[in-house]
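Novice: To start, I am sharing the structure in question, which I have written as C-alpha cells.
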Amino acid sequence: MHAVSVVRRQALGALSWPQVSGKGVLAVPLGATEQHGPHLPLCTDTDIAVALCERLAAARADVLVAPALPYGSSGEHAGFPGTLSIGQRALELLLVELGRSASETFAHIIFVSGHGGNAEPAARAMARLRAESRDVLLFLPAWDGDPHAGRPETSMMLQLARHLVRMSRAEPGDARPLALTWPVLRSAGVRAVSGNGILGDPAGASAAEGAALLGKLSADLIRAVAAWHPGEQTPSELSPGEISPGEISGVT
C-alpha cells in the first residue's frame, strides 16, 4: 500500500467517530510556531513532530495520529516577528485537559514534542495525568549538534519540505556550546545571544543528512513506544524507511 494511504488511514482527524477504536495508541504531535532563523519556516518544530508521529503510525498498525498542536511554550523566542507562544502554564493546562479528554477514548497516549521549550510544562502535565492513572508518555527527540535552526533542523526540513527552506538566507548564528549560553537564554531569551535567532550554523545541511537523522529519531520513538506499550505488534504495510519525503508532512 502507498505510504500516503497508510498516513491517511491512521490520521484521527480524517476518520468519523464510528471508525475510531480506543484499543491502540494515540500519538499527539506537539510543535510550536516560532522563529527558526531567516531561512527556516515558523512551522519547523511542528512539521518534525508530525513526521515522527506519521512514521510511528507507518510502523505500527495500532497507532492513530492526532491533529498537531502548533502552539507551545516559546517565550524564549519573543522579539522575533511571527513567534506565537501560549506560555508554560497554558500549555501545561492544555495538555492535562487534552490528555483527560483523549483518555475517554484511548487507553494509551503519547505526546511527541518537536520543541524543547515544551519539555518542562509537558513533563508536569504527564506527571499529573499519571497521578490520575492515565497511561501517557512524553517523547522528546534529541540529537547531537546545533540545538536550534542549525544544521540538524535545516537538514530535516530539506528532507521534509525543501520548498519552505530558504538556503540563500542561511547564515551562522551563535555557535557556542549551549552550556555556556544557557543562563542568558533562560533569563533573557534567544535574542540576547543570537541576533538572527540561530544557535549553530546551517552550513553543510542536506536532505540526505536530514533523512538519516529522521530515521534515527523515528527508530528512537518506535523503540520507546515498544518498551512502553508493546501492544499490537503487527506492523502496517510500510516501515519508516519506506516513506518518501513527498508523502509525509513537511528541535527546539
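Following the order of the C-alpha cells, chains are lettered A, B, ..., residues in each are numbered from 1, and ligands are numbered from 1.
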Which residues in region 16-192 of chain A does DSSP call helix (DSSP H, G or I)? List them as a VMD selection string.

Specialist: chain A and resid 17 to 19 44 to 59 75 to 77 87 to 102 116 to 131 151 to 164 167 to 169 178 to 188 190 to 192

Novice: Once you count only C-alpha atoms, what closest atom pair and distance in Å to one decimal does each residue of region 8-52 of chain A within 10 Å of region 92-112 of chain A have, with rows by chain and rising residue number, as JSON lines?

Specialist:
```
{"residue": "A:Val20", "atom": "CA", "partner": "A:Thr105", "partner_atom": "CA", "distance": 8.4}
{"residue": "A:Ser21", "atom": "CA", "partner": "A:Thr105", "partner_atom": "CA", "distance": 7.5}
{"residue": "A:Gly22", "atom": "CA", "partner": "A:Phe106", "partner_atom": "CA", "distance": 4.2}
{"residue": "A:Lys23", "atom": "CA", "partner": "A:Phe106", "partner_atom": "CA", "distance": 6.5}
{"residue": "A:Gly24", "atom": "CA", "partner": "A:His108", "partner_atom": "CA", "distance": 6.7}
{"residue": "A:Val25", "atom": "CA", "partner": "A:His108", "partner_atom": "CA", "distance": 4.9}
{"residue": "A:Leu26", "atom": "CA", "partner": "A:Ile109", "partner_atom": "CA", "distance": 4.8}
{"residue": "A:Ala27", "atom": "CA", "partner": "A:Ile110", "partner_atom": "CA", "distance": 4.9}
{"residue": "A:Val28", "atom": "CA", "partner": "A:Phe111", "partner_atom": "CA", "distance": 4.8}
{"residue": "A:Pro29", "atom": "CA", "partner": "A:Val112", "partner_atom": "CA", "distance": 4.9}
{"residue": "A:Leu30", "atom": "CA", "partner": "A:Val112", "partner_atom": "CA", "distance": 5.7}
{"residue": "A:Gly31", "atom": "CA", "partner": "A:Val112", "partner_atom": "CA", "distance": 8.4}
{"residue": "A:Thr46", "atom": "CA", "partner": "A:Val112", "partner_atom": "CA", "distance": 9.8}
{"residue": "A:Ile48", "atom": "CA", "partner": "A:Val112", "partner_atom": "CA", "distance": 9.6}
{"residue": "A:Ala49", "atom": "CA", "partner": "A:Val112", "partner_atom": "CA", "distance": 6.0}
{"residue": "A:Val50", "atom": "CA", "partner": "A:Val112", "partner_atom": "CA", "distance": 8.3}
{"residue": "A:Leu52", "atom": "CA", "partner": "A:Val112", "partner_atom": "CA", "distance": 7.8}
```

Novice: Given the selection you just returned, output its residues as a file containing C-alpha atoms, formatted as a short mmCIF file (atom, residue, chain, number, x, y, z; two decimals), in the first residue's frame.

Specialist:
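Once everything was written out, this is again-v8.cif:
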```cif
data_model
loop_
_atom_site.label_atom_id
_atom_site.label_comp_id
_atom_site.auth_asym_id
_atom_site.auth_seq_id
_atom_site.Cartn_x
_atom_site.Cartn_y
_atom_site.Cartn_z
CA VAL A 20 -12.30 5.21 15.91
CA SER A 21 -11.19 2.40 18.18
CA GLY A 22 -9.58 3.17 21.51
CA LYS A 23 -7.68 -0.12 21.66
CA GLY A 24 -4.41 1.30 20.37
CA VAL A 25 -2.17 4.31 20.88
CA LEU A 26 -2.97 7.94 20.15
CA ALA A 27 0.13 9.90 19.08
CA VAL A 28 -0.18 13.66 19.59
CA PRO A 29 2.39 15.86 17.79
CA LEU A 30 3.38 18.88 19.89
CA GLY A 31 5.08 21.67 17.99
CA THR A 46 5.53 21.15 14.28
CA ILE A 48 9.20 17.47 12.60
CA ALA A 49 6.82 16.27 15.35
CA VAL A 50 4.17 15.36 12.76
CA LEU A 52 7.85 11.41 13.58
#
```

Novice: Could you jot down the CA of Pro152 (chain A) to CA of Gly173 (chain A) separation for me, Å, one decimal place?

Specialist: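 Distance between the two atoms: 13.7 Å.
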
Novice: Find the residue from A:Ala59, A:Ala68, A:Met126, A:Ala175 that sits nearest to Gly114 (chain A); use only C-alpha atoms when measuring.

Specialist: A:Ala68

Novice: Go ahead and compute the interatomic distance for CA of Asp144 (chain A) and CA of Ala208 (chain A), in Å to one decimal.

Specialist: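 Interatomic distance here is 16.5 Å.
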
Novice: Show which residues sit within 6 Å of region 73-80 of chain A, as a PDB file with C-alpha atoms, in the first residue's frame. Count only C-alpha atoms, and ignore same-chain residues fewer than 5 positions away.

Specialist:
```pdb
ATOM      1  CA  SER A  85       3.662  31.409  22.355  1.00  0.00           C
ATOM      2  CA  ILE A  86       0.977  30.293  24.797  1.00  0.00           C
ATOM      3  CA  GLY A  87       3.425  30.024  27.724  1.00  0.00           C
ATOM      4  CA  GLN A  88       4.196  27.250  30.163  1.00  0.00           C
ATOM      5  CA  GLY A 117      10.742  24.642  25.264  1.00  0.00           C
ATOM      6  CA  ASN A 118       7.695  22.419  25.736  1.00  0.00           C
ATOM      7  CA  GLY A 189      15.875  34.772  25.622  1.00  0.00           C
ATOM      8  CA  VAL A 190      17.442  33.878  22.304  1.00  0.00           C
TER       9      VAL A 190
END
```

Novice: Mind checking which residues fall within 8 Å of Ala203 (chain A), counting only C-alpha atoms, ignoring those fewer than 6 positions away in the same chain, and posting them as a PyMOL selection string?

Specialist: chain A and resi 150-151+170-172

Novice: Only N, CA and C atoms, please: the residues just picked out, written as a PDB file, in the first residue's frame.

Specialist:
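Result file follows (part.pdb):
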```pdb
ATOM      1  N   GLY A 150      20.010  25.183  13.256  1.00  0.00           N
ATOM      2  CA  GLY A 150      21.317  24.928  12.681  1.00  0.00           C
ATOM      3  C   GLY A 150      21.276  23.781  11.674  1.00  0.00           C
ATOM      4  N   ARG A 151      22.380  23.094  11.575  1.00  0.00           N
ATOM      5  CA  ARG A 151      22.495  22.052  10.555  1.00  0.00           C
ATOM      6  C   ARG A 151      21.478  20.909  10.719  1.00  0.00           C
ATOM      7  N   ALA A 170      20.370  31.382   4.681  1.00  0.00           N
ATOM      8  CA  ALA A 170      21.027  30.686   5.787  1.00  0.00           C
ATOM      9  C   ALA A 170      22.349  31.363   6.128  1.00  0.00           C
ATOM     10  N   GLU A 171      22.625  31.476   7.409  1.00  0.00           N
ATOM     11  CA  GLU A 171      23.845  32.125   7.880  1.00  0.00           C
ATOM     12  C   GLU A 171      24.192  31.599   9.264  1.00  0.00           C
ATOM     13  N   PRO A 172      25.430  31.735   9.683  1.00  0.00           N
ATOM     14  CA  PRO A 172      25.795  31.263  11.026  1.00  0.00           C
ATOM     15  C   PRO A 172      25.100  32.080  12.104  1.00  0.00           C
TER      16      PRO A 172
END
```

Novice: Pick the closest to Trp143 (chain A) from A:Pro81, A:Gly210, A:Gly13, A:Gly195: which is it, counting only C-alpha atoms?

Specialist: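 Closest to Trp143 (chain A), using only C-alpha atoms: A:Gly210.
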
Novice: Skip Ser168 (chain A) itself and residues of its chain fewer than 3 positions away, then list as a ChimeraX atom specification all residues within 10 Å of it, counting only C-alpha atoms.

Specialist: /A:38-39,165,171

Novice: Keeping only N, CA and C atoms, write the selected residues to a file as a JSON list (two decimals), in the first residue's frame.

Specialist:
```json
[["chain", "number", "residue", "atom", "x", "y", "z"],
["A", 38, "PRO", "N", 16.48, 33.15, 9.68],
["A", 38, "PRO", "CA", 15.92, 33.76, 8.48],
["A", 38, "PRO", "C", 15.65, 32.78, 7.34],
["A", 39, "HIS", "N", 16.01, 31.51, 7.53],
["A", 39, "HIS", "CA", 15.93, 30.55, 6.42],
["A", 39, "HIS", "C", 14.92, 29.43, 6.62],
["A", 165, "VAL", "N", 12.37, 25.93, 2.74],
["A", 165, "VAL", "CA", 13.70, 26.28, 3.23],
["A", 165, "VAL", "C", 14.35, 27.28, 2.28],
["A", 171, "GLU", "N", 22.63, 31.48, 7.41],
["A", 171, "GLU", "CA", 23.84, 32.12, 7.88],
["A", 171, "GLU", "C", 24.19, 31.60, 9.26]]
```

Novice: Using backbone DSSP assignments, extract all strand (DSSP E) residues from region 39-234 of chain A; output them as a list in words.

Specialist: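 Residues meeting the strand (DSSP E) criterion: Val63, Leu64, Val65, His108, Ile109, Ile110, Phe111, Val112, Ser113, Asp135, Val136, Leu137, Leu138 and Phe139 of chain A.
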
Novice: Could you jot down the CA of Asn196 (chain A) to CA of Ala119 (chain A) separation for me, Å, one decimal place?

Specialist: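 Straight-line distance from CA of Asn196 (chain A) to CA of Ala119 (chain A) works out to 23.6 Å.
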
Novice: Do a neighbour search on Leu56 (chain A) at 8 Å with only C-alpha atoms, toss out local chain neighbours closer than 6 positions, and write the hits as a list in words.

Specialist: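 Surrounding residues, per the criterion: Val63, Ser218, Leu221, Ile222 and Pro240 of chain A.
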
Novice: For the selection you just gave me, I'd like the residues written to a file as a short mmCIF file (atom, residue, chain, number, x, y, z; two decimals), in the first residue's frame, keeping N, CA and C atoms.

Specialist:
```
data_model
loop_
_atom_site.label_atom_id
_atom_site.label_comp_id
_atom_site.auth_asym_id
_atom_site.auth_seq_id
_atom_site.Cartn_x
_atom_site.Cartn_y
_atom_site.Cartn_z
N VAL A 63 -1.53 2.53 15.92
CA VAL A 63 -1.30 3.94 16.25
C VAL A 63 -2.18 4.83 15.38
N SER A 218 13.10 8.52 14.40
CA SER A 218 11.93 7.64 14.26
C SER A 218 12.18 6.30 14.93
N LEU A 221 11.87 6.70 18.62
CA LEU A 221 10.47 6.79 19.01
C LEU A 221 9.80 5.42 18.98
N ILE A 222 10.03 4.67 17.93
CA ILE A 222 9.42 3.35 17.81
C ILE A 222 9.87 2.43 18.94
N PRO A 240 9.23 2.63 8.54
CA PRO A 240 9.53 4.05 8.49
C PRO A 240 10.43 4.43 7.33
#
```

Novice: Taking into account only C-alpha atoms, which residue in the set A:Leu137, A:Ala90, A:Val193, A:Cys43 is nearest to Pro121 (chain A)?

Specialist: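 Between A:Leu137, A:Ala90, A:Val193, A:Cys43, the residue approaching Pro121 (chain A) most closely is A:Ala90.
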
Novice: Would you pick out the contacts of Arg176 (chain A) at 9 Å or less, using only C-alpha atoms, so that residues sharing its chain but fewer than 5 positions from it are not included, and give the list as JSON, numbers by chain?

Specialist: {"A": [181, 199, 200]}
